[in-house]
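Peer 1: I'd like to ask you about the structure that follows.
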Amino acid sequence: MFIGGLSGKKARFTSCNGYMKRIVKLKAGRKYRFTLNSKLVNGSMTAELIGHNKQRVLLLNEFISQENLSVNKTGRYTLILRFNSASGEYLLDWEEIS
């Protein structure tokens with residue numbers, strides 16, 4: 001079972017395996033703070049942000065729940081949420097910081 005929001009920023013799930021991709025548009029010359037609040041009963045999950053050159057620029061999980069990112073190039077980034085036998089819920093949010 002997977003019940004999520006349209007933007008991919010939050011969901012509740014039971015015994016979830018696999019991944020979900022979303023496109024995130026970020027602007028150059030700005031800093032963003034990404035925060036993952038996960039309440040997992042079982043399993044694990046990660047949130048990755050993949051940049052223009054297919055390199056991972058950010059990784060969040062149950063151990064690293066917050067990270068800042070300085071964006072050098074405006075464009076589309078790929079957000080990948082990966083689930084491994086995960087049950088629980090998450091809330092992923094990002095905001096521009098100065």
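By order of appearance in the structure tokens: chains A, B, ..., then residues from 1 within every chain, and ligands from 1 in the order shown.
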Using only C-alpha atoms, which protein or nucleic acid residues come within 9 Å of range 73-84 of chain A? Drop anything in the same chain fewer than 2 positions from it, and give the result as a VMD selection string.
Peer 2: chain A and resid 8 15 to 29 42 to 52 54 71 86 to 87
Peer 1: Go through A:Ser65, A:Asp93, A:Ser38, A:Val57 one by one, measure the shortest atom-to-atom distance of each to Ser7 in chain A using only C-alpha atoms, and give the residue with the smallest value.
Peer 2: A:Asp93
Peer 1: Out of A:Tyr32, A:Ile3, A:Asn53, A:Phe63, which residue has the shortest atom-to-atom distance to Glu95 in chain A when counting only C-alpha atoms?
Peer 2: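 Of the candidates, the smallest distance to Glu95 in chain A is held by A:Tyr32.
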Peer 1: My list of candidates is A:Glu96, A:Asn37, A:Lys10, A:Gly5. Which is closest to Asn68 in chain A when distances are computed with only C-alpha atoms?
Peer 2: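 The closest residue to Asn68 in chain A is A:Glu96.
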Peer 1: So what do you get for CA of Leu58 in chain A versus CA of Thr14 in chain A, distance-wise?
Peer 2: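 Atom-to-atom, CA of Leu58 in chain A to CA of Thr14 in chain A, that is 25.5 Å.
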Peer 1: Check the DSSP output for the backbone and give back, as a PyMOL selection string, the residues of chain A in strand (DSSP E or B).
Peer 2: chain A and resi 2-4+10-26+30-50+56-60+66-71+75-97
Peer 1: Quick one: residues within 6 Å of Leu92 in chain A, only C-alpha atoms counted, chain neighbours fewer than 5 positions away excluded, as a short mmCIF file (atom, residue, chain, number, x, y, z; two decimals) with N, CA and C atoms, in the first residue's frame?
Peer 2:
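Final output, saved to result-v7.cif:
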data_model
loop_
_atom_site.label_atom_id
_atom_site.label_comp_id
_atom_site.auth_asym_id
_atom_site.auth_seq_id
_atom_site.Cartn_x
_atom_site.Cartn_y
_atom_site.Cartn_z
N LYS A 9 6.17 14.86 -2.06
CA LYS A 9 6.78 15.39 -0.85
C LYS A 9 6.37 14.65 0.42
N THR A 35 15.13 18.79 3.79
CA THR A 35 14.88 18.11 5.06
C THR A 35 13.99 16.91 4.82
N LEU A 36 14.42 15.75 5.32
CA LEU A 36 13.63 14.52 5.25
C LEU A 36 13.24 14.10 6.66
#
Peer 1: Which of these residues is nearest to Val41 in chain A, using only C-alpha atoms: A:Phe2, A:Ile97, A:Arg12, A:Ile64?
Peer 2: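 So, comparing all the options, the nearest one is A:Arg12.
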Peer 1: Given the choices A:Gln55, A:Gly4, A:Ala11, A:Glu67, which gets closest to Glu89 in chain A if the distance is worked out from only C-alpha atoms?
Peer 2: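 Using only C-alpha atoms, the shortest distance to Glu89 in chain A belongs to A:Ala11.
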